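One file, target_2.txt, carrying compact mmCIF, N, CA and C atoms:
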# COMPACT_ATOMS: atom_id res chain seq x y z
N GLN A 1 23.70 -93.94 88.27
CA GLN A 1 24.01 -95.31 88.59
C GLN A 1 24.83 -95.40 89.87
N VAL A 2 24.53 -96.38 90.67
CA VAL A 2 25.26 -96.62 91.91
C VAL A 2 25.79 -98.04 91.87
N GLN A 3 27.06 -98.19 92.16
CA GLN A 3 27.65 -99.52 92.27
C GLN A 3 28.02 -99.78 93.72
N LEU A 4 27.69 -100.97 94.19
CA LEU A 4 27.98 -101.36 95.56
C LEU A 4 28.85 -102.61 95.54
N VAL A 5 29.96 -102.56 96.27
CA VAL A 5 30.88 -103.69 96.31
C VAL A 5 31.14 -104.06 97.77
N GLU A 6 30.70 -105.26 98.13
CA GLU A 6 30.90 -105.75 99.49
C GLU A 6 32.25 -106.46 99.62
N SER A 7 32.79 -106.45 100.83
CA SER A 7 34.00 -107.19 101.14
C SER A 7 34.01 -107.51 102.63
N GLY A 8 34.92 -108.40 103.01
CA GLY A 8 35.08 -108.70 104.43
C GLY A 8 34.48 -110.01 104.90
N GLY A 9 33.79 -110.70 104.01
CA GLY A 9 33.22 -111.98 104.39
C GLY A 9 34.31 -113.04 104.55
N GLY A 10 33.90 -114.20 105.08
CA GLY A 10 34.86 -115.28 105.27
C GLY A 10 34.34 -116.33 106.21
N LEU A 11 35.25 -117.17 106.65
CA LEU A 11 34.94 -118.26 107.58
C LEU A 11 35.42 -117.87 108.97
N VAL A 12 34.55 -118.03 109.95
CA VAL A 12 34.89 -117.67 111.32
C VAL A 12 34.25 -118.67 112.27
N GLN A 13 34.86 -118.88 113.41
CA GLN A 13 34.28 -119.79 114.39
C GLN A 13 33.16 -119.09 115.17
N ALA A 14 32.26 -119.87 115.67
CA ALA A 14 31.17 -119.33 116.50
C ALA A 14 31.78 -118.54 117.67
N GLY A 15 31.18 -117.39 117.93
CA GLY A 15 31.70 -116.51 118.96
C GLY A 15 32.66 -115.47 118.45
N GLY A 16 33.11 -115.63 117.20
CA GLY A 16 34.06 -114.70 116.62
C GLY A 16 33.40 -113.48 116.02
N SER A 17 34.23 -112.66 115.36
CA SER A 17 33.76 -111.39 114.79
C SER A 17 34.24 -111.24 113.35
N LEU A 18 33.46 -110.48 112.60
CA LEU A 18 33.84 -110.06 111.25
C LEU A 18 33.31 -108.65 111.04
N ARG A 19 33.99 -107.91 110.16
CA ARG A 19 33.47 -106.61 109.76
C ARG A 19 33.32 -106.59 108.25
N LEU A 20 32.10 -106.40 107.81
CA LEU A 20 31.81 -106.27 106.39
C LEU A 20 31.88 -104.81 105.98
N SER A 21 32.34 -104.58 104.77
CA SER A 21 32.38 -103.23 104.21
C SER A 21 31.62 -103.23 102.90
N CYS A 22 31.05 -102.08 102.59
CA CYS A 22 30.35 -101.90 101.31
C CYS A 22 30.77 -100.55 100.76
N ALA A 23 31.54 -100.58 99.68
CA ALA A 23 31.99 -99.35 99.05
C ALA A 23 31.02 -98.97 97.95
N ALA A 24 30.60 -97.72 97.95
CA ALA A 24 29.60 -97.25 97.00
C ALA A 24 30.16 -96.18 96.08
N SER A 25 29.73 -96.23 94.84
CA SER A 25 30.04 -95.14 93.92
C SER A 25 28.91 -94.12 94.00
N GLY A 26 29.13 -92.96 93.42
CA GLY A 26 28.05 -91.97 93.43
C GLY A 26 28.36 -90.79 94.30
N ARG A 27 28.16 -89.60 93.75
CA ARG A 27 28.52 -88.38 94.47
C ARG A 27 27.54 -88.02 95.56
N THR A 28 26.36 -88.64 95.56
CA THR A 28 25.35 -88.29 96.55
C THR A 28 25.16 -89.39 97.59
N PHE A 29 26.19 -90.20 97.81
CA PHE A 29 26.12 -91.29 98.78
C PHE A 29 25.65 -90.78 100.13
N SER A 30 26.09 -89.61 100.51
CA SER A 30 25.78 -89.10 101.85
C SER A 30 24.29 -88.82 102.06
N SER A 31 23.49 -88.87 101.01
CA SER A 31 22.05 -88.65 101.14
C SER A 31 21.25 -89.94 101.15
N TYR A 32 21.93 -91.09 100.95
CA TYR A 32 21.23 -92.36 100.82
C TYR A 32 21.02 -93.04 102.17
N THR A 33 19.89 -93.70 102.33
CA THR A 33 19.78 -94.72 103.36
C THR A 33 20.46 -95.97 102.84
N MET A 34 21.20 -96.65 103.70
CA MET A 34 21.90 -97.88 103.35
C MET A 34 21.41 -99.02 104.23
N GLY A 35 21.42 -100.21 103.66
CA GLY A 35 20.97 -101.36 104.44
C GLY A 35 21.82 -102.58 104.18
N TRP A 36 21.72 -103.52 105.11
CA TRP A 36 22.33 -104.85 104.95
C TRP A 36 21.21 -105.89 105.04
N PHE A 37 21.26 -106.85 104.13
CA PHE A 37 20.34 -107.98 104.13
C PHE A 37 21.18 -109.25 104.05
N ARG A 38 20.55 -110.39 104.29
CA ARG A 38 21.26 -111.65 104.16
C ARG A 38 20.32 -112.74 103.67
N ARG A 39 20.94 -113.72 102.99
CA ARG A 39 20.19 -114.89 102.55
C ARG A 39 20.91 -116.13 103.03
N ALA A 40 20.28 -116.86 103.92
CA ALA A 40 20.84 -118.12 104.42
C ALA A 40 20.46 -119.25 103.46
N PRO A 41 21.19 -120.33 103.47
CA PRO A 41 20.88 -121.45 102.57
C PRO A 41 19.45 -121.92 102.74
N GLY A 42 18.73 -122.00 101.63
CA GLY A 42 17.36 -122.50 101.66
C GLY A 42 16.33 -121.52 102.19
N LYS A 43 16.75 -120.29 102.43
CA LYS A 43 15.81 -119.30 102.99
C LYS A 43 15.74 -118.06 102.10
N GLU A 44 14.73 -117.25 102.35
CA GLU A 44 14.60 -116.01 101.61
C GLU A 44 15.53 -114.95 102.20
N ARG A 45 15.82 -113.95 101.37
CA ARG A 45 16.65 -112.85 101.85
C ARG A 45 15.89 -112.07 102.91
N GLU A 46 16.61 -111.70 103.97
CA GLU A 46 15.97 -111.02 105.09
C GLU A 46 16.75 -109.78 105.52
N PHE A 47 16.03 -108.86 106.13
CA PHE A 47 16.61 -107.62 106.62
C PHE A 47 17.55 -107.90 107.80
N VAL A 48 18.67 -107.16 107.82
CA VAL A 48 19.61 -107.25 108.93
C VAL A 48 19.71 -105.91 109.66
N ALA A 49 20.02 -104.84 108.91
CA ALA A 49 20.22 -103.54 109.54
C ALA A 49 20.11 -102.43 108.51
N ALA A 50 19.79 -101.23 108.97
CA ALA A 50 19.72 -100.06 108.10
C ALA A 50 20.25 -98.85 108.84
N ILE A 51 20.71 -97.86 108.06
CA ILE A 51 21.27 -96.64 108.65
C ILE A 51 20.88 -95.45 107.78
N ASN A 52 20.54 -94.34 108.41
CA ASN A 52 20.12 -93.18 107.63
C ASN A 52 21.34 -92.42 107.11
N TRP A 53 21.09 -91.33 106.39
CA TRP A 53 22.15 -90.64 105.66
C TRP A 53 23.27 -90.14 106.57
N SER A 54 22.94 -89.73 107.78
CA SER A 54 23.95 -89.15 108.66
C SER A 54 24.58 -90.17 109.59
N GLY A 55 23.97 -91.33 109.70
CA GLY A 55 24.41 -92.31 110.68
C GLY A 55 23.75 -92.13 112.03
N GLY A 56 22.88 -91.15 112.13
CA GLY A 56 22.25 -90.85 113.41
C GLY A 56 21.08 -91.75 113.77
N SER A 57 20.56 -92.46 112.78
CA SER A 57 19.45 -93.39 113.03
C SER A 57 19.78 -94.74 112.46
N THR A 58 19.57 -95.77 113.25
CA THR A 58 19.83 -97.14 112.80
C THR A 58 18.67 -98.04 113.23
N ASN A 59 18.60 -99.18 112.57
CA ASN A 59 17.55 -100.14 112.86
C ASN A 59 18.11 -101.54 112.65
N TYR A 60 17.70 -102.49 113.49
CA TYR A 60 18.25 -103.85 113.42
C TYR A 60 17.13 -104.89 113.49
N ALA A 61 17.39 -106.01 112.84
CA ALA A 61 16.53 -107.17 113.04
C ALA A 61 16.72 -107.68 114.47
N ASP A 62 15.67 -108.22 115.03
CA ASP A 62 15.76 -108.71 116.41
C ASP A 62 16.85 -109.77 116.56
N SER A 63 17.06 -110.55 115.52
CA SER A 63 18.01 -111.67 115.60
C SER A 63 19.45 -111.21 115.73
N VAL A 64 19.75 -109.96 115.38
CA VAL A 64 21.13 -109.47 115.44
C VAL A 64 21.31 -108.33 116.42
N LYS A 65 20.22 -107.85 116.99
CA LYS A 65 20.29 -106.70 117.89
C LYS A 65 21.21 -107.02 119.07
N GLY A 66 22.11 -106.08 119.37
CA GLY A 66 23.06 -106.27 120.46
C GLY A 66 24.34 -106.97 120.05
N ARG A 67 24.36 -107.56 118.86
CA ARG A 67 25.56 -108.25 118.37
C ARG A 67 26.16 -107.57 117.14
N PHE A 68 25.32 -107.00 116.29
CA PHE A 68 25.77 -106.35 115.06
C PHE A 68 25.63 -104.85 115.20
N THR A 69 26.54 -104.12 114.52
CA THR A 69 26.49 -102.66 114.50
C THR A 69 26.70 -102.17 113.08
N ILE A 70 25.77 -101.36 112.59
CA ILE A 70 25.91 -100.75 111.28
C ILE A 70 26.44 -99.33 111.46
N SER A 71 27.35 -98.94 110.59
CA SER A 71 27.90 -97.59 110.64
C SER A 71 28.26 -97.16 109.23
N ARG A 72 28.61 -95.89 109.08
CA ARG A 72 28.98 -95.40 107.75
C ARG A 72 30.01 -94.30 107.87
N ASP A 73 30.80 -94.17 106.81
CA ASP A 73 31.77 -93.10 106.68
C ASP A 73 31.49 -92.42 105.34
N ASN A 74 30.80 -91.29 105.39
CA ASN A 74 30.41 -90.63 104.15
C ASN A 74 31.60 -90.06 103.39
N ALA A 75 32.68 -89.77 104.07
CA ALA A 75 33.88 -89.28 103.39
C ALA A 75 34.50 -90.37 102.52
N LYS A 76 34.27 -91.63 102.91
CA LYS A 76 34.82 -92.77 102.16
C LYS A 76 33.76 -93.49 101.34
N ASN A 77 32.52 -92.98 101.33
CA ASN A 77 31.44 -93.63 100.60
C ASN A 77 31.32 -95.11 100.99
N THR A 78 31.40 -95.39 102.25
CA THR A 78 31.42 -96.78 102.72
C THR A 78 30.48 -96.97 103.90
N VAL A 79 29.81 -98.11 103.90
CA VAL A 79 28.99 -98.51 105.04
C VAL A 79 29.57 -99.83 105.57
N TYR A 80 29.48 -100.01 106.87
CA TYR A 80 30.08 -101.16 107.53
C TYR A 80 29.03 -101.95 108.30
N LEU A 81 29.33 -103.22 108.51
CA LEU A 81 28.53 -104.04 109.41
C LEU A 81 29.51 -104.81 110.29
N GLN A 82 29.62 -104.37 111.55
CA GLN A 82 30.44 -105.07 112.52
C GLN A 82 29.61 -106.18 113.14
N MET A 83 30.10 -107.41 113.04
CA MET A 83 29.35 -108.57 113.52
C MET A 83 30.16 -109.25 114.62
N ASN A 84 29.61 -109.25 115.80
CA ASN A 84 30.25 -109.87 116.96
C ASN A 84 29.41 -111.04 117.47
N SER A 85 30.03 -111.86 118.27
CA SER A 85 29.34 -113.02 118.86
C SER A 85 28.59 -113.82 117.80
N LEU A 86 29.28 -114.11 116.73
CA LEU A 86 28.63 -114.77 115.60
C LEU A 86 28.17 -116.17 115.96
N LYS A 87 27.05 -116.55 115.37
CA LYS A 87 26.45 -117.85 115.59
C LYS A 87 26.36 -118.60 114.26
N ALA A 88 26.21 -119.91 114.34
CA ALA A 88 26.09 -120.71 113.12
C ALA A 88 24.92 -120.22 112.26
N GLU A 89 23.86 -119.77 112.90
CA GLU A 89 22.68 -119.31 112.16
C GLU A 89 22.89 -117.97 111.46
N ASP A 90 24.03 -117.33 111.68
CA ASP A 90 24.36 -116.11 110.93
C ASP A 90 24.99 -116.43 109.57
N THR A 91 25.26 -117.71 109.32
CA THR A 91 25.81 -118.11 108.03
C THR A 91 24.87 -117.73 106.91
N ALA A 92 25.37 -116.97 105.94
CA ALA A 92 24.54 -116.46 104.87
C ALA A 92 25.40 -115.67 103.89
N VAL A 93 24.81 -115.35 102.76
CA VAL A 93 25.38 -114.34 101.88
C VAL A 93 24.81 -113.00 102.32
N TYR A 94 25.70 -112.05 102.56
CA TYR A 94 25.29 -110.73 103.05
C TYR A 94 25.34 -109.73 101.90
N TYR A 95 24.26 -108.97 101.76
CA TYR A 95 24.11 -108.01 100.67
C TYR A 95 23.99 -106.59 101.23
N CYS A 96 24.66 -105.68 100.56
CA CYS A 96 24.53 -104.27 100.84
C CYS A 96 23.49 -103.69 99.88
N ALA A 97 22.70 -102.73 100.35
CA ALA A 97 21.67 -102.12 99.53
C ALA A 97 21.62 -100.62 99.76
N ALA A 98 21.20 -99.89 98.71
CA ALA A 98 21.11 -98.43 98.80
C ALA A 98 19.78 -97.95 98.26
N ASP A 99 19.24 -96.92 98.88
CA ASP A 99 18.06 -96.23 98.35
C ASP A 99 18.52 -94.87 97.87
N SER A 100 18.64 -94.73 96.55
CA SER A 100 19.09 -93.46 95.97
C SER A 100 17.92 -92.56 95.60
N ARG A 101 16.69 -93.04 95.82
CA ARG A 101 15.51 -92.31 95.34
C ARG A 101 14.93 -91.36 96.37
N SER A 102 15.24 -91.57 97.62
CA SER A 102 14.58 -90.82 98.70
C SER A 102 15.63 -90.12 99.55
N ALA A 103 16.27 -89.13 98.94
CA ALA A 103 17.33 -88.42 99.64
C ALA A 103 16.82 -87.79 100.93
N TRP A 104 17.61 -87.94 101.99
CA TRP A 104 17.37 -87.31 103.29
C TRP A 104 16.11 -87.83 103.97
N TYR A 105 15.64 -89.02 103.59
CA TYR A 105 14.44 -89.60 104.18
C TYR A 105 14.83 -90.83 104.97
N TYR A 106 14.19 -91.04 106.11
CA TYR A 106 14.43 -92.27 106.85
C TYR A 106 13.19 -92.65 107.66
N SER A 107 12.86 -93.92 107.57
CA SER A 107 11.80 -94.51 108.39
C SER A 107 12.21 -95.93 108.70
N SER A 108 12.29 -96.27 109.96
CA SER A 108 12.75 -97.61 110.32
C SER A 108 11.81 -98.69 109.77
N ASN A 109 10.52 -98.42 109.73
CA ASN A 109 9.57 -99.41 109.20
C ASN A 109 9.70 -99.56 107.69
N TYR A 110 9.99 -98.48 107.01
CA TYR A 110 10.10 -98.51 105.54
C TYR A 110 11.34 -99.29 105.10
N TYR A 111 12.43 -99.13 105.76
CA TYR A 111 13.69 -99.68 105.27
C TYR A 111 13.98 -101.10 105.70
N ILE A 112 13.02 -101.78 106.31
CA ILE A 112 13.18 -103.21 106.54
C ILE A 112 12.75 -104.00 105.30
N HIS A 113 12.18 -103.34 104.32
CA HIS A 113 11.65 -104.01 103.13
C HIS A 113 12.62 -103.91 101.96
N GLN A 114 12.81 -105.02 101.26
CA GLN A 114 13.76 -105.04 100.15
C GLN A 114 13.37 -104.07 99.05
N GLY A 115 12.08 -103.92 98.82
CA GLY A 115 11.60 -103.03 97.76
C GLY A 115 11.89 -101.56 98.01
N SER A 116 12.35 -101.22 99.19
CA SER A 116 12.67 -99.83 99.51
C SER A 116 14.04 -99.42 98.99
N TYR A 117 14.78 -100.37 98.47
CA TYR A 117 16.13 -100.12 97.96
C TYR A 117 16.16 -100.34 96.45
N ASP A 118 16.94 -99.51 95.76
CA ASP A 118 17.00 -99.65 94.31
C ASP A 118 18.35 -100.12 93.79
N TYR A 119 19.34 -100.24 94.65
CA TYR A 119 20.63 -100.78 94.21
C TYR A 119 21.11 -101.82 95.22
N TRP A 120 21.73 -102.86 94.66
CA TRP A 120 22.20 -103.98 95.46
C TRP A 120 23.62 -104.37 95.05
N GLY A 121 24.38 -104.84 96.05
CA GLY A 121 25.68 -105.40 95.75
C GLY A 121 25.56 -106.86 95.36
N GLN A 122 26.70 -107.46 95.04
CA GLN A 122 26.73 -108.86 94.62
C GLN A 122 26.69 -109.82 95.79
N GLY A 123 27.01 -109.35 96.96
CA GLY A 123 26.97 -110.20 98.13
C GLY A 123 28.35 -110.72 98.53
N THR A 124 28.49 -111.01 99.82
CA THR A 124 29.72 -111.60 100.34
C THR A 124 29.33 -112.72 101.31
N GLN A 125 30.02 -113.85 101.19
CA GLN A 125 29.67 -115.02 101.97
C GLN A 125 30.26 -114.93 103.38
N VAL A 126 29.42 -115.20 104.36
CA VAL A 126 29.86 -115.32 105.75
C VAL A 126 29.49 -116.73 106.21
N THR A 127 30.48 -117.46 106.68
CA THR A 127 30.25 -118.82 107.17
C THR A 127 30.76 -118.91 108.60
N VAL A 128 29.86 -119.31 109.49
CA VAL A 128 30.21 -119.43 110.91
C VAL A 128 30.18 -120.91 111.27
N SER A 129 31.33 -121.42 111.69
CA SER A 129 31.43 -122.82 112.06
C SER A 129 31.17 -122.99 113.55
N SER A 130 30.42 -124.04 113.85
CA SER A 130 30.05 -124.27 115.26
C SER A 130 30.99 -125.28 115.90
So, in terms of structure tokens, how does the structure I just supplied come out?
Amino acid sequence: QVQLVESGGGLVQAGGSLRLSCAASGRTFSSYTMGWFRRAPGKEREFVAAINWSGGSTNYADSVKGRFTISRDNAKNTVYLQMNSLKAEDTAVYYCAADSRSAWYYSSNYYIHQGSYDYWGQGTQVTVSS
């Protein structure tokens, strides 16, 4: 079993920054691909970013590329999402996700899909005021 707990959400003005954290349980965290997704009001959940087990490979949605950075600290079992230059359209509930089934595997095309992950956090609200 893997438990994921997000934190760091909140209210921020447009142009501001936030850093989300996702703390994971599990002794094999360092072998998981991790991802961030978001669900905006009235919309379906969408891919934001993914990172492979070592942090050496990352992938971003076009809408956040150049503004968001995903990273991880395997010693702390934590993955981060640094969000800069926030826009009103970034307002959403942000979810952390883990793939515990495919240790040491990474494909940028595979991990943009929600079905590629088997564990999800509860989500953290990010609200950007314009």
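Counting only N, CA and C atoms, the residue from A:Ser57, A:Val12, A:Tyr119, A:Phe29 that sits nearest to Ala97 (chain A) is A:Tyr119.
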* Would you mind writing down, as a ChimeraX atom specification, each residue of region 72-130 of chain A that DSSP on the backbone assigns to strand (DSSP E)? => /A:72-73,78-83,92-99,119-120,124-129
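You can rank A:Lys76, A:His113, A:Lys87, A:Lys43 by their closest distance to Gly26 (chain A) using only C-alpha atoms, and at the top of that list sits A:Lys76.
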Kindly assemble as JSON lines a list of the region 22-67 of chain A residues that lie within 10 Å of region 6-9 of chain A, each paired with its nearest atom pair and their distance in Å to one decimal, using only C-alpha atoms, sorted first by chain and then by ascending residue number.
{"residue": "A:Cys22", "atom": "CA", "partner": "A:Glu6", "partner_atom": "CA", "distance": 4.3}
{"residue": "A:Ala23", "atom": "CA", "partner": "A:Glu6", "partner_atom": "CA", "distance": 6.5}
{"residue": "A:Ala24", "atom": "CA", "partner": "A:Glu6", "partner_atom": "CA", "distance": 9.0}
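A straight line drawn from CA of Ser30 (chain A) to CA of Ala49 (chain A) is 17.3 Å long.
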Put the listed atoms of region 80-90 of chain A in a box along x, y and z with 6 Å added on every side and give me the centre and edge lengths in Å to one decimal, as lines of an AutoDock Vina configuration file.
center_x = 26.6
center_y = -110.4
center_z = 112.9
size_x = 19.8
size_y = 32.7
size_z = 24.0
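Relative to atom N of Glu46 (chain A), atom C of Ala61 (chain A) is found at 11.2 Å.
Checking A:Ala75, A:Ala88, A:Ala103, A:Cys96 one by one against Trp36 (chain A), counting all atoms listed in the file, you find the shortest gap at A:Cys96.
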* To do: Between A:Asn59, A:Ser54, A:Ser85, A:Thr33, single out the one closest to Ser108 (chain A), counting only C-alpha atoms.
  => A:Asn59
* To do: Considering all atoms listed in the file, state which residue in the set A:Phe37, A:Tyr117, A:Tyr60, A:Trp53 is at the smallest distance from Tyr105 (chain A).
  => A:Trp53
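Closest approach to Ala14 (chain A) among A:Ser63, A:Asn84, A:Gln125, A:Ser116 is made by A:Asn84 (distances from all atoms listed in the file).
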* In Å to one decimal, how far is CA of Leu11 (chain A) from CA of Phe47 (chain A)? -> 21.2 Å
Neighbourhood query: residues within 5 Å of (24.4, -104.7, 111.0), file coordinates, counting only N, CA and C atoms; return as a short mmCIF file (atom, residue, chain, number, x, y, z; two decimals) with N, CA and C atoms, keeping the file's coordinate frame.
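Result file is selection21.cif:
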data_model
loop_
_atom_site.label_atom_id
_atom_site.label_comp_id
_atom_site.auth_asym_id
_atom_site.auth_seq_id
_atom_site.Cartn_x
_atom_site.Cartn_y
_atom_site.Cartn_z
N ALA A 49 20.02 -104.84 108.91
CA ALA A 49 20.22 -103.54 109.54
C ALA A 49 20.11 -102.43 108.51
N PHE A 68 25.32 -107.00 116.29
CA PHE A 68 25.77 -106.35 115.06
C PHE A 68 25.63 -104.85 115.20
N THR A 69 26.54 -104.12 114.52
CA THR A 69 26.49 -102.66 114.50
C THR A 69 26.70 -102.17 113.08
N ILE A 70 25.77 -101.36 112.59
CA ILE A 70 25.91 -100.75 111.28
C ILE A 70 26.44 -99.33 111.46
N LEU A 81 29.33 -103.22 108.51
CA LEU A 81 28.53 -104.04 109.41
C LEU A 81 29.51 -104.81 110.29
#
* To do: For Gln122 (chain A), list every protein, DNA or RNA residue within 8 Å, evaluated using only C-alpha atoms, and leave out those in the same chain fewer than 2 positions away; present the list as a count of residues only.
  => 6
* To do: List the neighbours of Thr91 (chain A) out to 7 Å using all atoms listed in the file; skip same-chain residues closer than 4 positions along the sequence, and give me the result as a PyMOL selection string.
  => chain A and resi 39-41+87+126-128
Could you name the residues that touch Ser107 (chain A) at 8 Å or less, counting only N, CA and C atoms, but leaving out those on the same chain fewer than 4 positions away, as a short mmCIF file (atom, residue, chain, number, x, y, z; two decimals) with N, CA and C atoms, in the frame of the given file?
data_model
loop_
_atom_site.label_atom_id
_atom_site.label_comp_id
_atom_site.auth_asym_id
_atom_site.auth_seq_id
_atom_site.Cartn_x
_atom_site.Cartn_y
_atom_site.Cartn_z
N ASN A 52 20.54 -94.34 108.41
CA ASN A 52 20.12 -93.18 107.63
C ASN A 52 21.34 -92.42 107.11
N ASN A 59 18.60 -99.18 112.57
CA ASN A 59 17.55 -100.14 112.86
C ASN A 59 18.11 -101.54 112.65
N TYR A 111 12.43 -99.13 105.76
CA TYR A 111 13.69 -99.68 105.27
C TYR A 111 13.98 -101.10 105.70
N ILE A 112 13.02 -101.78 106.31
CA ILE A 112 13.18 -103.21 106.54
C ILE A 112 12.75 -104.00 105.30
#
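Selecting helix (DSSP H, G or I) from the backbone DSSP output for region 27-100 of chain A yields A:Phe29, A:Ser30, A:Ser31, A:Ala88, A:Glu89, A:Asp90.
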* Show which residues sit within 8 Å of Gln82 (chain A), as JSON, numbers by chain. Count all atoms listed in the file, and ignore same-chain residues fewer than 6 positions away. => {"A": [17, 18, 19, 20, 21, 67, 68, 69, 70, 71]}
Would you kindly return, as a compact mmCIF listing (two decimals) with N, CA and C atoms, in the coordinates of the input, each protein, DNA or RNA residue with an atom no farther than 8 Å from any atom of Ser102 (chain A), considering all atoms listed in the file and excluding same-chain residues fewer than 4 positions away?
# COMPACT_ATOMS: atom_id res chain seq x y z
N SER A 31 23.49 -88.87 101.01
CA SER A 31 22.05 -88.65 101.14
C SER A 31 21.25 -89.94 101.15
N TYR A 32 21.93 -91.09 100.95
CA TYR A 32 21.23 -92.36 100.82
C TYR A 32 21.02 -93.04 102.17
N THR A 33 19.89 -93.70 102.33
CA THR A 33 19.78 -94.72 103.36
C THR A 33 20.46 -95.97 102.84
N ALA A 98 21.20 -99.89 98.71
CA ALA A 98 21.11 -98.43 98.80
C ALA A 98 19.78 -97.95 98.26
N TYR A 106 14.19 -91.04 106.11
CA TYR A 106 14.43 -92.27 106.85
C TYR A 106 13.19 -92.65 107.66
